[in-house]
>>> print(open('protein33.cif').read())   # mmCIF, C-alpha atoms
data_upload
loop_
_atom_site.label_atom_id
_atom_site.label_comp_id
_atom_site.auth_asym_id
_atom_site.auth_seq_id
_atom_site.Cartn_x
_atom_site.Cartn_y
_atom_site.Cartn_z
CA MET U 111 0.00 0.00 0.00
CA ILE U 112 1.34 3.43 -0.97
CA TYR U 113 0.46 6.21 1.43
CA GLN U 114 -0.06 9.68 0.02
CA LYS U 115 1.00 11.98 2.84
CA CYS U 116 0.82 15.76 3.21
CA THR U 117 2.83 17.39 6.02
CA TYR U 118 2.51 20.97 7.09
CA SER U 119 5.29 23.34 8.14
CA THR U 120 3.48 26.52 9.17
CA GLN U 121 4.55 26.25 12.83
CA THR U 122 7.80 27.32 14.41
CA ASP U 123 10.48 24.71 15.07
CA PHE U 124 9.77 25.00 18.81
CA LYS U 125 6.10 24.24 18.35
CA GLU U 126 6.92 21.36 16.04
CA ASP U 127 9.11 19.85 18.75
CA LEU U 128 6.21 20.14 21.18
CA GLU U 129 3.89 18.45 18.70
CA MET U 130 6.32 15.54 18.39
CA ALA U 131 6.07 14.97 22.13
CA LYS U 132 2.27 14.72 22.09
CA ASP U 133 0.27 11.53 21.83
CA LYS U 134 -1.12 10.97 18.37
CA VAL U 135 -4.68 10.16 17.35
CA VAL U 136 -5.73 9.00 13.88
CA LEU U 137 -9.02 10.54 12.78
CA ALA U 138 -11.24 8.90 10.16
CA TYR U 139 -11.57 12.02 8.02
CA SER U 140 -14.10 12.75 5.29
CA GLY U 141 -13.70 16.52 5.02
CA GLY U 142 -17.31 17.10 6.03
CA LEU U 143 -18.46 19.40 8.78
CA ASP U 144 -18.46 16.77 11.52
CA THR U 145 -14.91 15.51 11.03
CA THR U 146 -13.60 19.02 10.37
CA ALA U 147 -14.97 20.20 13.72
CA ILE U 148 -13.51 17.12 15.42
CA ILE U 149 -9.93 18.16 14.56
CA PRO U 150 -9.74 21.25 16.83
CA TRP U 151 -11.96 19.50 19.38
CA LEU U 152 -9.48 16.62 19.77
CA LYS U 153 -6.60 19.06 20.14
CA GLU U 154 -8.45 21.20 22.66
CA THR U 155 -10.02 18.37 24.69
CA TYR U 156 -7.19 15.81 24.79
CA ASP U 157 -4.16 17.79 23.55
CA TYR U 158 -3.62 15.24 20.79
CA ASP U 159 -1.53 15.57 17.66
CA VAL U 160 -4.26 14.90 15.08
CA ILE U 161 -3.42 12.82 12.01
CA CYS U 162 -6.21 12.62 9.47
CA ALA U 163 -6.75 9.55 7.32
CA CYS U 164 -9.15 9.61 4.40
CA ILE U 165 -9.77 6.17 2.94
CA ASP U 166 -10.72 6.41 -0.72
CA VAL U 167 -13.39 3.78 -1.39
CA GLY U 168 -14.71 5.54 -4.49
CA GLN U 169 -16.15 8.79 -3.16
CA GLU U 170 -14.86 10.57 -6.30
CA SER U 171 -15.51 14.36 -6.11
CA GLU U 172 -15.94 14.22 -2.33
CA LEU U 173 -12.12 13.99 -2.05
CA GLU U 174 -11.43 17.33 -3.71
CA GLY U 175 -9.66 19.90 -1.52
CA LEU U 176 -9.19 17.61 1.47
CA ASP U 177 -5.51 18.39 1.95
CA GLU U 178 -6.11 22.14 2.28
CA ARG U 179 -9.14 21.62 4.51
CA ALA U 180 -7.30 19.29 6.89
CA LYS U 181 -4.33 21.66 7.11
CA TYR U 182 -6.57 24.67 7.68
CA SER U 183 -8.43 22.85 10.44
CA GLY U 184 -5.27 22.02 12.40
CA ALA U 185 -4.29 18.49 11.37
CA SER U 186 -0.57 17.77 11.36
CA LYS U 187 -0.82 15.21 8.55
CA LEU U 188 -3.28 13.84 6.05
CA TYR U 189 -3.14 10.36 4.57
CA ILE U 190 -5.24 9.60 1.50
CA LEU U 191 -5.29 5.88 0.76
CA ASP U 192 -6.76 4.58 -2.47
CA VAL U 193 -8.26 1.19 -1.59
CA VAL U 194 -10.91 0.95 -4.32
CA ASP U 195 -9.47 -2.19 -5.93
CA GLU U 196 -8.98 -3.84 -2.55
CA LEU U 197 -12.58 -3.03 -1.65
CA CYS U 198 -13.82 -4.53 -4.92
CA ASP U 199 -11.66 -7.65 -4.89
CA GLU U 200 -11.59 -8.58 -1.20
CA TYR U 201 -14.87 -7.25 0.20
CA ILE U 202 -17.43 -6.70 -2.55
CA MET U 203 -16.69 -9.88 -4.49
CA PRO U 204 -16.99 -12.27 -1.51
CA THR U 205 -20.33 -10.63 -0.75
CA VAL U 206 -21.52 -11.01 -4.34
CA GLN U 207 -20.36 -14.63 -4.47
CA ALA U 208 -22.32 -15.27 -1.27
CA ASP U 209 -25.43 -13.55 -2.73
CA ALA U 210 -25.57 -11.73 0.60
CA VAL U 211 -28.40 -9.18 0.86
CA TYR U 212 -29.60 -7.78 4.19
CA GLU U 213 -33.34 -8.16 4.78
CA ASN U 214 -33.82 -9.13 1.12
CA LYS U 215 -33.12 -5.62 -0.17
CA TYR U 216 -29.99 -3.88 1.12
CA LEU U 217 -26.85 -4.74 -0.89
CA LEU U 218 -24.53 -3.86 2.04
CA GLY U 219 -22.66 -1.00 0.36
CA THR U 220 -21.75 0.83 3.56
CA SER U 221 -21.51 -2.33 5.65
CA PHE U 222 -18.58 -3.99 3.87
CA ALA U 223 -16.68 -0.73 3.31
CA ARG U 224 -16.40 0.16 7.00
CA PRO U 225 -14.24 -2.83 8.00
CA LEU U 226 -11.75 -2.00 5.25
CA ILE U 227 -11.66 1.63 6.36
CA ALA U 228 -11.04 0.48 9.94
CA LYS U 229 -8.26 -1.82 8.75
CA LYS U 230 -6.50 1.09 7.04
CA LEU U 231 -6.96 3.34 10.08
CA VAL U 232 -5.19 0.68 12.13
CA GLU U 233 -2.35 0.54 9.58
CA VAL U 234 -1.89 4.33 9.78
CA ALA U 235 -2.05 4.21 13.57
CA ARG U 236 0.68 1.56 13.65
CA LYS U 237 2.83 3.50 11.22
CA GLU U 238 2.50 6.71 13.24
CA GLY U 239 2.65 5.12 16.69
CA ALA U 240 -0.77 6.56 17.55
CA VAL U 241 -2.44 5.69 20.84
CA ALA U 242 -6.00 6.16 19.61
CA ILE U 243 -8.31 6.08 16.61
CA CYS U 244 -11.23 8.48 16.41
CA HIS U 245 -14.41 8.24 14.34
CA GLY U 246 -17.44 10.50 13.95
CA ALA U 247 -20.18 7.87 13.73
CA THR U 248 -23.21 8.67 15.88
CA GLY U 249 -24.44 6.65 18.82
CA LYS U 250 -27.65 5.78 16.96
CA GLY U 251 -26.23 4.08 13.89
CA ASN U 252 -24.56 0.87 12.78
CA ASP U 253 -21.24 2.42 11.75
CA GLN U 254 -19.99 2.74 15.33
CA LEU U 255 -20.25 -1.06 15.57
CA ARG U 256 -18.58 -1.63 12.22
CA PHE U 257 -15.63 0.61 13.03
CA GLU U 258 -15.11 -0.48 16.61
CA LEU U 259 -15.61 -4.23 16.20
CA SER U 260 -13.12 -4.17 13.33
CA ILE U 261 -10.58 -2.22 15.36
CA LYS U 262 -11.03 -4.57 18.32
CA ALA U 263 -10.40 -7.55 16.03
CA LEU U 264 -7.28 -6.04 14.44
CA ALA U 265 -5.76 -3.89 17.21
CA PRO U 266 -7.27 -4.55 20.65
CA ASP U 267 -4.61 -2.37 22.29
CA ILE U 268 -5.57 0.83 20.46
CA LYS U 269 -8.03 3.14 22.18
CA VAL U 270 -11.17 4.18 20.26
CA ILE U 271 -12.67 7.63 20.66
CA ALA U 272 -16.30 7.76 19.55
CA VAL U 273 -16.86 11.51 19.62
CA TRP U 274 -20.64 11.46 19.75
CA ARG U 275 -20.52 9.29 22.89
CA GLN U 276 -18.01 11.48 24.75
CA PRO U 277 -19.46 13.65 27.54
CA GLU U 278 -17.21 16.55 26.48
CA TRP U 279 -18.80 16.68 22.99
CA LYS U 280 -21.49 19.38 23.11
CA LEU U 281 -21.84 20.09 19.39
CA ASP U 282 -25.30 18.64 18.76
CA SER U 283 -26.25 20.52 15.58
CA ARG U 284 -24.74 21.80 12.34
CA ASP U 285 -25.11 25.37 13.60
CA ALA U 286 -23.16 24.49 16.75
CA GLU U 287 -20.41 22.83 14.73
CA ILE U 288 -20.11 25.79 12.36
CA ALA U 289 -19.95 28.20 15.28
CA TYR U 290 -17.28 26.05 16.95
CA CYS U 291 -15.17 26.01 13.79
CA GLN U 292 -15.48 29.76 13.36
CA ALA U 293 -14.50 30.32 16.99
CA HIS U 294 -11.32 28.39 16.28
CA GLY U 295 -10.47 30.36 13.16
CA ILE U 296 -11.82 27.79 10.73
CA ASN U 297 -14.00 29.63 8.23
CA LEU U 298 -15.04 27.14 5.57
CA PRO U 299 -18.09 27.33 3.28
CA PHE U 300 -20.27 24.92 5.20
CA ASP U 301 -24.02 25.30 4.75
CA ALA U 302 -26.04 25.42 7.96
CA ALA U 303 -29.10 24.18 6.09
CA HIS U 304 -29.88 20.53 6.72
CA SER U 305 -29.39 18.24 3.75
CA TYR U 306 -29.55 14.52 3.06
CA SER U 307 -27.09 12.39 4.99
CA ARG U 308 -25.21 10.44 2.33
CA ASP U 309 -22.59 7.74 2.16
CA ARG U 310 -20.94 7.01 -1.17
CA ASN U 311 -18.46 4.51 -2.47
CA ILE U 312 -17.87 2.71 -5.76
CA TRP U 313 -20.72 0.27 -5.01
CA HIS U 314 -23.54 2.61 -3.99
CA ILE U 315 -24.78 5.84 -2.46
CA SER U 316 -27.20 5.96 0.46
CA HIS U 317 -29.58 8.78 1.36
CA GLU U 318 -31.18 9.48 4.75
CA GLY U 319 -32.85 12.47 6.38
CA LEU U 320 -35.22 15.26 5.31
CA GLU U 321 -38.54 13.89 4.00
CA LEU U 322 -37.23 10.31 4.29
CA GLU U 323 -37.43 10.48 8.09
CA ASN U 324 -41.22 10.09 7.79
CA PRO U 325 -42.08 6.79 6.07
CA ALA U 326 -45.40 8.30 4.99
CA ASN U 327 -43.57 10.66 2.61
CA GLU U 328 -42.65 9.84 -0.95
CA PRO U 329 -38.95 10.41 -1.70
CA ASN U 330 -38.18 13.56 -3.68
CA TYR U 331 -36.23 11.69 -6.34
CA ASP U 332 -35.57 14.79 -8.43
CA ASP U 333 -33.44 16.24 -5.62
CA LEU U 334 -32.21 12.96 -4.20
CA LEU U 335 -30.77 10.80 -6.97
CA VAL U 336 -27.06 11.05 -7.79
CA LEU U 337 -26.09 7.95 -9.77
CA GLY U 338 -29.06 7.65 -12.08
CA VAL U 339 -32.65 8.48 -12.95
CA THR U 340 -36.04 7.05 -12.06
CA PRO U 341 -37.42 4.35 -14.39
CA GLU U 342 -39.91 6.89 -15.76
CA LYS U 343 -37.07 9.11 -16.95
CA ALA U 344 -34.97 6.24 -18.36
CA PRO U 345 -34.65 5.84 -22.16
CA ASP U 346 -37.56 4.32 -24.06
CA GLU U 347 -35.10 1.98 -25.82
CA ASP U 348 -33.80 -1.16 -24.11
CA GLU U 349 -30.12 -2.12 -24.05
CA TYR U 350 -28.53 -5.57 -24.15
CA LEU U 351 -25.61 -6.48 -21.92
CA THR U 352 -23.42 -9.57 -21.49
CA LEU U 353 -21.33 -10.36 -18.41
CA ASP U 354 -18.64 -13.06 -18.32
CA PHE U 355 -17.80 -14.81 -15.03
CA GLU U 356 -14.96 -17.04 -13.89
CA LYS U 357 -15.54 -18.85 -10.58
CA GLY U 358 -18.16 -16.29 -9.57
CA ILE U 359 -16.01 -13.26 -10.42
CA PRO U 360 -16.99 -10.96 -13.31
CA THR U 361 -14.25 -10.69 -15.90
CA ALA U 362 -15.74 -8.94 -18.95
CA ILE U 363 -18.57 -6.73 -20.16
CA ASN U 364 -19.79 -7.21 -23.72
CA GLY U 365 -16.64 -9.18 -24.48
CA THR U 366 -14.22 -6.56 -23.16
CA LYS U 367 -12.08 -7.82 -20.29
CA MET U 368 -11.81 -5.45 -17.31
CA LYS U 369 -10.76 -5.53 -13.69
CA VAL U 370 -13.61 -5.73 -11.18
CA SER U 371 -13.58 -2.05 -10.22
CA ASP U 372 -13.91 -0.97 -13.86
CA ILE U 373 -16.73 -3.46 -14.39
CA ILE U 374 -18.61 -1.95 -11.45
CA ARG U 375 -18.05 1.57 -12.78
CA GLU U 376 -19.40 0.63 -16.22
CA LEU U 377 -22.36 -1.20 -14.71
CA ASN U 378 -23.09 1.87 -12.58
CA ARG U 379 -23.20 3.95 -15.75
CA LEU U 380 -25.48 1.53 -17.56
CA GLY U 381 -27.71 0.84 -14.57
CA GLY U 382 -28.03 4.51 -13.68
CA LYS U 383 -28.96 5.31 -17.26
CA HIS U 384 -31.80 2.77 -17.20
CA GLY U 385 -33.17 3.54 -13.72
CA ILE U 386 -31.97 0.30 -12.14
CA GLY U 387 -31.10 -0.33 -8.49
CA ILE U 388 -33.15 2.32 -6.63
CA ILE U 389 -34.67 0.98 -3.40
CA ASP U 390 -36.62 2.68 -0.62
CA ILE U 391 -36.43 0.57 2.54
CA VAL U 392 -37.11 0.62 6.26
CA GLU U 393 -34.37 -1.52 7.79
CA ASN U 394 -33.75 -2.84 11.27
CA ARG U 395 -30.57 -1.37 12.69
CA VAL U 396 -28.42 -3.43 15.03
CA VAL U 397 -28.99 -0.91 17.85
CA GLY U 398 -32.70 -1.75 17.91
CA MET U 399 -34.40 1.01 15.94
CA LYS U 400 -35.83 1.12 12.46
CA SER U 401 -34.44 3.58 9.93
CA ARG U 402 -35.53 4.55 6.46
CA GLY U 403 -33.21 5.18 3.57
CA VAL U 404 -33.03 5.27 -0.19
CA TYR U 405 -30.14 3.39 -1.77
CA GLU U 406 -28.81 3.70 -5.30
CA THR U 407 -26.88 0.59 -6.34
CA PRO U 408 -27.25 0.43 -10.12
CA GLY U 409 -24.17 -1.60 -11.01
CA GLY U 410 -24.36 -3.81 -7.94
CA THR U 411 -27.98 -4.72 -8.66
CA ILE U 412 -27.09 -5.85 -12.18
CA LEU U 413 -24.03 -7.78 -10.99
CA MET U 414 -25.90 -9.58 -8.20
CA GLU U 415 -28.74 -10.55 -10.54
CA ALA U 416 -26.35 -11.85 -13.22
CA HIS U 417 -24.46 -13.90 -10.64
CA LYS U 418 -27.67 -15.46 -9.33
CA GLN U 419 -28.76 -16.34 -12.87
CA LEU U 420 -25.51 -18.16 -13.49
CA GLU U 421 -25.77 -20.04 -10.19
CA GLU U 422 -29.27 -21.22 -11.15
CA LEU U 423 -27.64 -23.04 -14.05
CA THR U 424 -24.50 -24.39 -12.37
CA LEU U 425 -25.34 -25.28 -8.74
CA ASP U 426 -27.23 -28.41 -7.72
CA ARG U 427 -30.49 -28.19 -5.78
CA GLU U 428 -29.13 -28.99 -2.31
CA THR U 429 -26.10 -26.68 -2.59
CA LEU U 430 -28.25 -23.84 -3.89
CA ALA U 431 -30.76 -24.27 -1.07
CA TYR U 432 -28.10 -24.39 1.64
CA LYS U 433 -26.26 -21.46 0.10
CA LYS U 434 -29.38 -19.33 0.58
CA LEU U 435 -29.15 -19.99 4.33
CA VAL U 436 -25.47 -19.06 4.26
CA ALA U 437 -26.29 -15.87 2.32
CA THR U 438 -28.69 -14.70 5.02
CA LYS U 439 -26.20 -15.32 7.84
CA PHE U 440 -23.32 -13.83 5.84
CA ALA U 441 -25.39 -10.67 5.24
CA ASP U 442 -26.31 -10.40 8.92
CA LEU U 443 -22.68 -10.70 10.02
CA VAL U 444 -21.50 -8.07 7.53
CA TYR U 445 -24.35 -5.71 8.46
CA GLU U 446 -23.50 -6.08 12.16
CA GLY U 447 -19.84 -5.19 11.62
CA LYS U 448 -18.44 -8.69 12.15
CA TRP U 449 -16.42 -8.91 8.95
CA PHE U 450 -13.32 -10.12 10.80
CA CYS U 451 -15.08 -12.78 12.88
CA PRO U 452 -14.25 -16.49 12.41
CA LEU U 453 -17.77 -17.43 11.32
CA ARG U 454 -17.83 -15.00 8.39
CA GLU U 455 -14.42 -16.25 7.28
CA ALA U 456 -15.64 -19.86 7.51
CA LEU U 457 -18.77 -19.04 5.53
CA GLN U 458 -16.61 -17.42 2.86
CA ALA U 459 -14.60 -20.63 2.58
CA PHE U 460 -17.83 -22.55 1.95
CA VAL U 461 -18.94 -19.99 -0.63
CA GLU U 462 -15.61 -20.15 -2.47
CA LYS U 463 -16.02 -23.92 -2.82
CA THR U 464 -19.45 -23.46 -4.39
CA GLN U 465 -18.03 -21.00 -6.92
CA GLU U 466 -15.67 -23.45 -8.61
CA THR U 467 -18.20 -24.06 -11.40
CA VAL U 468 -19.85 -20.62 -11.51
CA THR U 469 -18.25 -19.81 -14.85
CA GLY U 470 -20.05 -18.69 -17.96
CA GLN U 471 -21.84 -15.83 -19.68
CA VAL U 472 -25.06 -14.06 -18.72
CA LYS U 473 -27.00 -11.96 -21.20
CA MET U 474 -29.52 -9.40 -19.95
CA ARG U 475 -31.78 -6.67 -21.28
CA LEU U 476 -31.98 -3.40 -19.34
CA TYR U 477 -35.21 -1.46 -19.63
CA LYS U 478 -36.78 1.17 -17.36
CA GLY U 479 -35.67 -0.24 -14.03
CA ASN U 480 -35.93 -3.87 -15.11
CA ILE U 481 -33.26 -6.52 -15.63
CA ILE U 482 -34.69 -9.04 -18.09
CA LYS U 483 -33.09 -12.44 -18.73
CA ALA U 484 -31.84 -12.87 -22.28
CA GLY U 485 -29.90 -16.15 -22.04
CA THR U 486 -27.28 -17.87 -19.87
CA THR U 487 -24.52 -20.30 -20.89
CA SER U 488 -21.87 -22.23 -18.95
CA PRO U 489 -19.50 -25.13 -19.62
CA TYR U 490 -20.59 -26.39 -16.19
CA SER U 491 -24.32 -26.15 -16.83
CA LEU U 492 -26.39 -28.80 -15.04
CA TYR U 493 -29.32 -28.16 -17.34
CA SER U 494 -29.98 -31.03 -19.75
CA GLU U 495 -32.28 -30.18 -22.61
CA SER U 496 -32.94 -33.84 -23.32
CA LEU U 497 -34.05 -34.35 -19.71
CA ALA U 498 -36.09 -31.16 -19.44
CA SER U 499 -37.81 -31.53 -22.81
CA PHE U 500 -41.44 -32.65 -22.91
CA THR U 501 -40.41 -35.27 -25.44
CA THR U 502 -39.23 -38.63 -24.10
CA GLY U 503 -35.46 -38.92 -24.10
CA GLU U 504 -32.98 -41.71 -23.50
CA LEU U 505 -31.90 -40.53 -20.03
CA TYR U 506 -35.34 -40.45 -18.44
CA ASP U 507 -38.05 -43.09 -18.27
CA HIS U 508 -41.38 -41.68 -17.10
CA LYS U 509 -42.20 -45.00 -15.46
CA ASP U 510 -39.29 -44.51 -13.00
CA ALA U 511 -41.27 -41.76 -11.30
CA THR U 512 -43.79 -44.28 -9.94
CA GLY U 513 -41.39 -45.94 -7.53
CA PHE U 514 -39.80 -42.63 -6.60
CA ILE U 515 -43.17 -41.11 -5.68
CA ASN U 516 -44.13 -44.18 -3.64
CA LEU U 517 -40.95 -43.94 -1.56
CA PHE U 518 -40.85 -40.14 -1.38
CA GLY U 519 -44.41 -40.01 -0.10
CA LEU U 520 -44.27 -43.10 2.11
CA SER U 521 -44.13 -41.22 5.43
CA MET U 522 -47.14 -39.11 4.45
CA LYS U 523 -49.06 -42.25 3.45
CA VAL U 524 -48.24 -44.03 6.72
CA ARG U 525 -49.38 -41.04 8.76
CA ALA U 526 -52.64 -40.82 6.83
CA MET U 527 -53.26 -44.54 7.43
CA MET U 528 -52.64 -44.06 11.17
CA ASN U 529 -55.07 -41.15 11.34
CA GLU U 530 -57.72 -43.14 9.48
CA LYS U 531 -57.28 -46.10 11.84
CA ASN U 532 -57.69 -43.92 14.94
CA LYS U 533 -60.82 -42.31 13.52
CA ASN U 534 -62.38 -45.74 13.04
CA ASN U 535 -61.45 -46.77 16.60
CA ASP U 536 -63.13 -43.66 18.02
CA LYS U 537 -66.46 -44.54 16.44
#
>>> encode(input="protein33.cif", output="C-alpha cells")
Amino acid sequence: MIYQKCTYSTQTDFKEDLEMAKDKVVLAYSGGLDTTAIIPWLKETYDYDVICACIDVGQESELEGLDERAKYSGASKLYILDVVDELCDEYIMPTVQADAVYENKYLLGTSFARPLIAKKLVEVARKEGAVAICHGATGKGNDQLRFELSIKALAPDIKVIAVWRQPEWKLDSRDAEIAYCQAHGINLPFDAAHSYSRDRNIWHISHEGLELENPANEPNYDDLLVLGVTPEKAPDEDEYLTLDFEKGIPTAINGTKMKVSDIIRELNRLGGKHGIGIIDIVENRVVGMKSRGVYETPGGTILMEAHKQLEELTLDRETLAYKKLVATKFADLVYEGKWFCPLREALQAFVEKTQETVTGQVKMRLYKGNIIKAGTTSPYSLYSESLASFTTGELYDHKDATGFINLFGLSMKVRAMMNEKNKNNDK
C-alpha cells in the first residue's frame, strides 16, 4: 500500500518539537463538517496531535480539496489511501459470491466498506505510533459497531474515541459545529441548512434524512438521486448487456475484459442510465431502531442478478438451497460489523467452494428499471435439454417416477393410514 502523505510546516520549530512529544490520534476524516470540527476538538479536549486519514473507497468528487481543509483545520498530517481495488476484490466480491443481501433488499454497500476503512486506520495508527483512533459515527447508527468491532479484532490495544458518545462533545447541531469552527479560526463554506445524509463509495450511495425520516412521505427523487434516474425518466429503448464470469467473479462486459472495479463503474453507468437499483427501505438497525433510507446501487444490482442467474444453471439443488441460508447469515454478520469474525471467514470458505463451477456468460436486457433475462450459458451447466424436454429422451423413463413417488411419499401415506385407523377406533 502506498500512502499519500501531506505534512505541514506553518509552525515554528519550537512548536513542532512540542507536537512531536504529544500523543497521536488517527481521525477517520471525510472533510465534512463533523470531522472538520472534530480536529480542533481533539486538540483542545485531549491535547492530541491529530493525524487525518481519508480512505478512498470511491467517493470521487468528495475527495477534492481535502488536503487544504485538513491543514486549515489544524491536522498535522493527512493520509489519503486509495483502496478501491482492494474493496472490490476482497470485500465486494466475496459478498456477491455469497449472494448476501440484508433483509432481502440492502446490498450492504456501507456495511462492507467500514471494516476496510477500519483496517486502514489501524495501519496508519501503527505507522504513526498513535495511541487512539477516532471516528465521527453517531451513537444511533450501525457504523460505530462496524468501526469499533473491526478495530477490536485487528488492534485490541488501540483506544477508540467515539466523539458522539463522549461527555465533552457538546456540538449537537450543524449550527453548533459551524460556530465552533469559526471560533477556532476555521471559516469554511459549510451550509447550515440541513441536507440529506449520504454515504458514497464505488458500489452505492445511500440517502437518509429530510422527507425520508417520515415513512409516509414519498422520496423527492428529483433532488435525491445522484447515480441515475427514475425508471420513468430512463430511455424508451432497451439495451442488451453480457457479463462473463470465472468462478463467480466478473471478468468482462460485452466481451471486453476489465478488472472488477472498472466493471462496477461501467455497470453503474449503464444501470443509472436505465433507472436500475433504486430501493426505498425501512431496515432494522443493530442498535434496535428502524431507519428509512433510499439506496442507489445500479451496477451492484445488475451484478448480483447476473451472478444469481448463473448459479441457477450451475449449482445443484441442495447446494443452492443451503447457500441461501449461508447468504442470510453472511449478510447479517456483515451488516452487524463482524467482517473479521471467524464465522464469516468460515462461511466465505464454503462460498468459495461453491463458486468453482460458476463460470459462464449471462445476457440481460436493461429497460426502465428492469433486468430481463436474455440467455445464460456455462461449460458447467447442469441443465440437460434432453431431460427437461417434454419429449421422451434416453436418459429419463417416465415409469421410473412411480417408484420414486411411492418412496418419497411413504411417510405421508403411513401417517394418513394411522389417522384413518384412529378415527375408526373412536367410532
>>> atom_distance(input="protein33.cif", atom1="CA of Ile388 (chain U)", atom2="CA of Glu406 (chain U)")
4.7 Å
>>> closest_residue(input="protein33.cif", among="U:Ala263, U:Ile391, U:Met414, U:Ala208", to="Tyr432 (chain U)", atoms="all atoms listed in the file")
U:Ala208
>>> residues_around(input="protein33.cif", residues="Leu217 (chain U)", least_positions_apart="2", cutoff="9 Å", atoms="all atoms listed in the file", output="ChimeraX atom specification")
/U:205-206,210-212,214-215,219-221,313-314,405,407,410-411,414,441
>>> resolve_selection(input="protein33.cif", expression="the PyMOL selection byres ((chain U and resi 183-200) around 7)", output="short mmCIF file (atom, residue, chain, number, x, y, z; two decimals) with C-alpha atoms, keeping the file's coordinate frame")
data_model
loop_
_atom_site.label_atom_id
_atom_site.label_comp_id
_atom_site.auth_asym_id
_atom_site.auth_seq_id
_atom_site.Cartn_x
_atom_site.Cartn_y
_atom_site.Cartn_z
CA TYR U 113 0.46 6.21 1.43
CA GLN U 114 -0.06 9.68 0.02
CA LYS U 115 1.00 11.98 2.84
CA CYS U 116 0.82 15.76 3.21
CA THR U 117 2.83 17.39 6.02
CA TYR U 118 2.51 20.97 7.09
CA THR U 146 -13.60 19.02 10.37
CA ILE U 149 -9.93 18.16 14.56
CA PRO U 150 -9.74 21.25 16.83
CA ASP U 159 -1.53 15.57 17.66
CA VAL U 160 -4.26 14.90 15.08
CA ILE U 161 -3.42 12.82 12.01
CA CYS U 162 -6.21 12.62 9.47
CA ALA U 163 -6.75 9.55 7.32
CA CYS U 164 -9.15 9.61 4.40
CA ILE U 165 -9.77 6.17 2.94
CA ASP U 166 -10.72 6.41 -0.72
CA VAL U 167 -13.39 3.78 -1.39
CA GLY U 168 -14.71 5.54 -4.49
CA ASP U 177 -5.51 18.39 1.95
CA ARG U 179 -9.14 21.62 4.51
CA ALA U 180 -7.30 19.29 6.89
CA LYS U 181 -4.33 21.66 7.11
CA TYR U 182 -6.57 24.67 7.68
CA TYR U 201 -14.87 -7.25 0.20
CA ILE U 202 -17.43 -6.70 -2.55
CA MET U 203 -16.69 -9.88 -4.49
CA PRO U 204 -16.99 -12.27 -1.51
CA ALA U 223 -16.68 -0.73 3.31
CA ILE U 296 -11.82 27.79 10.73
CA VAL U 370 -13.61 -5.73 -11.18
CA SER U 371 -13.58 -2.05 -10.22
#
>>> closest_residue(input="protein33.cif", among="U:Leu492, U:Tyr331, U:Leu423, U:Lys433", to="Glu462 (chain U)", atoms="only C-alpha atoms")
U:Lys433
>>> closest_residue(input="protein33.cif", among="U:Ala286, U:Leu476, U:Ile243, U:Met368", to="Leu231 (chain U)", atoms="all atoms listed in the file")
U:Ile243
>>> atom_distance(input="protein33.cif", atom1="CA of Ile515 (chain U)", atom2="CA of Asn529 (chain U)")
20.8 Å
>>> atom_distance(input="protein33.cif", atom1="CA of Lys357 (chain U)", atom2="CA of Asn378 (chain U)")
22.1 Å
>>> resolve_selection(input="protein33.cif", expression="the PyMOL selection byres ((chain U and resi 254) around 12)", output="number ranges by chain")
U: 138, 221, 224-225, 228, 244-253, 255-262, 270-275, 395-397, 445-448
>>> closest_residue(input="protein33.cif", among="U:Ala265, U:Leu334, U:Met399, U:Val472", to="Ile363 (chain U)", atoms="all atoms listed in the file")
U:Val472
>>> residues_around(input="protein33.cif", residues="Leu420 (chain U)", least_positions_apart="4", cutoff="7 Å", atoms="only C-alpha atoms", output="PDB file with C-alpha atoms, in the frame of the given file")
ATOM      1  CA  ALA U 416     -26.350 -11.850 -13.220  1.00  0.00           C
ATOM      2  CA  THR U 424     -24.500 -24.390 -12.370  1.00  0.00           C
ATOM      3  CA  VAL U 468     -19.850 -20.620 -11.510  1.00  0.00           C
ATOM      4  CA  VAL U 472     -25.060 -14.060 -18.720  1.00  0.00           C
ATOM      5  CA  THR U 486     -27.280 -17.870 -19.870  1.00  0.00           C
TER       6      THR U 486
END
>>> closest_residue(input="protein33.cif", among="U:Lys533, U:Pro408, U:Ala293, U:Ile148", to="Thr340 (chain U)", atoms="only C-alpha atoms")
U:Pro408
>>> closest_residue(input="protein33.cif", among="U:Asn516, U:Asn394, U:Thr145, U:Ser491", to="Glu421 (chain U)", atoms="all atoms listed in the file")
U:Ser491
>>> residues_around(input="protein33.cif", residues="His317 (chain U)", least_positions_apart="5", cutoff="9 Å", atoms="only C-alpha atoms", output="list in words")
Tyr306, Ser307, Arg308, Asp309, Leu322, Leu334, Leu335, Arg402, Gly403, Val404, Tyr405 and Glu406 of chain U
>>> resolve_selection(input="protein33.cif", expression="the PyMOL selection byres ((chain U and resi 458) around 10)", output="ChimeraX atom specification")
/U:204-205,207-208,436-437,440,452-457,459-464
>>> residues_near_point(input="protein33.cif", point="(-29.0, -4.3, -22.5)", cutoff="10 Å", atoms="all atoms listed in the file", output="ChimeraX atom specification")
/U:347-352,364,380-381,384,473-477,481-484
